[in-house]
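*Asks:* A single structure is presented below for examination.
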Amino acid sequence: MTAAAAAVRTLAVALWVGGMAALDFIDAPLRFATPAISRNQAVALGQAVFARFNRTEVALGIVALAGAVAARSPRWTVVLTAVMLALAAVQTVYLTPEITRLAAGLDFVHRAPADPRYAAIRSLHNAYAAVEITIFAGGFAVLACWAVTGRP
Amino acid sequence: MISAFLITLREGLEMSLIVGILLAYLARTGRRRDFPAIWTGVAFAALASLVAAAVIFVTAGAFTGRGEQVFEGAAFLTAVGVLTYMIFWMRREAVTLRASLQARMSEALRAHSRTALVVLAAVAVGREGIETALFFFATVRASSPLAGGAGAVLGLGAAVLLGWLLYRGTYRLDLRMFFNVTSALLLVVGAGLLTRGIGELQEARLVPVLVEQLWNSNRFVSQTSTLGNLLEAMFGYTSTPSLMQVAAYAVYLAAVGWAYFRPVRLPVRPRPAEGPSTTVEPAAQPRERRA
């Protein structure tokens with residue numbers, strides 16, 4: 001039972017962190033670099049992808065937290081998983097929807113400098129990045145702990 | 001201030017006990033020369049805790065308006081979850097904590113690795129420190145920076161003093177009683193944080209209120225009075241609570257309180273000659289230090 005819970009927990013965090021790495025470091029930069037789609041299309045695509053992935057993150061976080069508790073994982077890894085889940089929830093219920101709402105109808109190719117929504121989006125984007133880095137670092141730390149100690 | 005004091009006292013004493021156990025083990029095995037490795041680990045843990053606190057406060061600073069409400073609500077609810085988990089974890093692991101730490105210490109010493117000692121101390125103390133950073137954020141946001149900061153400093157100071165006295169063997173404390181009493185008080189603090197978290201999420205329109213104002217007790221204890229502030233910090237007092245807040249408070253206290261204090265039937269085991277140890281012993285006795 002403990003071994004199964006530990007396996008589920010590790011798989012969930014690995015999928016979570018792996019998914020983040022794939023989207024943040026491969027998909028997002030390439031979307032804006034490829035000449036096949038415009039910047040506005042890249043932004044719209046990013047909103048759709050991240051909205052769906054945020055929900056996946058929360059689901060994986062719940063599974064990971066339940067698995068970590070059931071497997072009686074080291075206490076700090078359980079705490080860190082709970083913090084990561086809370087941050088993913090903040091992204092899901094506030095940051096991504098708010099960025100999407102503000103970006104509706106905005107042109108990211110021919111910007112209107114006077115429009116305050118660009119600055120608001122930049123501020124929210126910075127918050128999103130800070131949260132993303134924290135989740136990524138936390139996920140990396142708990143995975144490293146579970147791999148190095150070899151204990152449930 | 002009181003809740004910050006209580007949380008840092010409890011977490012600080014856990015840290016002090018861990019350091020005491022590690023130092024006592026080194027002293028007993030004639031490895032006093034490795035004391036600096038433990039203190040180096042503690043320094044790394046303190047640094048990690050400060051970084052964690054800075055990350056939480058800086059991230060919170062990036063949010064304004066509704067975002068701030070969502071972030072604070074999430075932080076309060078996470079703090080409640082972690083606080084509750086920590087209380088139950090301590091009850092389950094307290095009896096074996098000393099043996100477990102000593103086994104890991106023995107493993108590190110067998111490997112003749114000072115780095116392993118540093119990592120052991122850093123991880124064992126750091127996990128408490130990072131939790132404290134989260135709780136500190138929640139209590140500071142629930143009261144005021146000055147009151148929360150003063151409570152945290154007093155709590156940590158008292159914990160270090162208490163830990164030192166226990167290590168010196170000049171003071172004996174019934175740790176089981178201490179942890180039971182502080183656990184009960186922390187459950188009440190947790191219930192208060194829960195209502196604050198729900199309140200924030202209600203303002204952000206993410207949680208239903210059910211009935212917006214169940215009562216108004218401002219005539220008896222004003223929310224802004226000294227007594228009101230005290231009750232708010234300690235019990236999460238709200239003069240105009242919603243039905244959802246009252247229900248969450250009652251359900252949390254009843255469910256978690258029952259789970260914590262219900263009588264547990266222990267498995268019958270053959271009684272050893274000296275009987276099982278059911279309390280965490282003080283970190284070291286004077287004789288051990290002279291050894």
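Each chain in the structure tokens gets a letter, A, B and so on, in the order shown; residues start at 1 in every chain, and ligands are counted from 1 in the order they appear.
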Considering only helix (DSSP H, G or I) as DSSP defines it on the backbone, what residues of stretch 116-210 of chain B qualify? List them as a PyMOL selection string.
*Replies:* chain B and resi 116-142+145-168+175-203
*Asks:* Tell me the residues of chain B close to chain A, meaning within 7 Å using only C-alpha atoms, as a PyMOL selection string.
*Replies:* chain B and resi 59+62+67+70-71+74+78+82+127
*Asks:* Can you pull out every residue within 8 Å of B:Val19, counting only C-alpha atoms, but drop anything in the same chain fewer than 3 positions away, and send it as a PyMOL selection string?
*Replies:* chain B and resi 15-16+22-23+38+121+125
*Asks:* Include N, CA and C atoms and write out the residues we just selected as an mmCIF file, in the first residue's frame.
*Replies:*
```cif
data_model
loop_
_atom_site.group_PDB
_atom_site.id
_atom_site.type_symbol
_atom_site.label_atom_id
_atom_site.label_comp_id
_atom_site.auth_asym_id
_atom_site.auth_seq_id
_atom_site.Cartn_x
_atom_site.Cartn_y
_atom_site.Cartn_z
ATOM 1 N N MET B 15 12.543 22.536 16.739
ATOM 2 C CA MET B 15 13.891 22.725 16.174
ATOM 3 C C MET B 15 14.950 22.561 17.265
ATOM 4 N N SER B 16 14.713 23.178 18.429
ATOM 5 C CA SER B 16 15.677 23.108 19.521
ATOM 6 C C SER B 16 15.873 21.663 19.968
ATOM 7 N N LEU B 22 20.739 15.828 18.319
ATOM 8 C CA LEU B 22 21.929 15.625 17.474
ATOM 9 C C LEU B 22 23.212 15.904 18.266
ATOM 10 N N LEU B 23 23.221 17.017 19.015
ATOM 11 C CA LEU B 23 24.413 17.378 19.782
ATOM 12 C C LEU B 23 24.664 16.359 20.894
ATOM 13 N N ILE B 38 27.051 20.379 12.798
ATOM 14 C CA ILE B 38 25.622 20.549 13.135
ATOM 15 C C ILE B 38 25.241 22.022 13.049
ATOM 16 N N ALA B 121 21.456 17.834 9.600
ATOM 17 C CA ALA B 121 20.991 18.935 10.464
ATOM 18 C C ALA B 121 20.195 19.956 9.658
ATOM 19 N N VAL B 125 16.242 20.502 10.587
ATOM 20 C CA VAL B 125 15.842 21.807 11.145
ATOM 21 C C VAL B 125 15.133 22.651 10.075
#
```
*Asks:* Have a look at atom CA of B:Gln223 and atom CA of B:Thr238 and let me know their distance in Å, one decimal.
*Replies:* 6.6 Å
*Asks:* For each of A:Leu106, A:Ala68, A:Ala22, A:Leu45, take the minimum atom-to-atom distance to A:Arg9, counting only C-alpha atoms, then give the residue where this is smallest.
*Replies:* A:Ala68
*Asks:* Rounded to one decimal place, report the atom CA of B:Ile198-atom CA of B:Gln245 distance in Å.
*Replies:*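 Between these atoms lies a distance of 6.4 Å.
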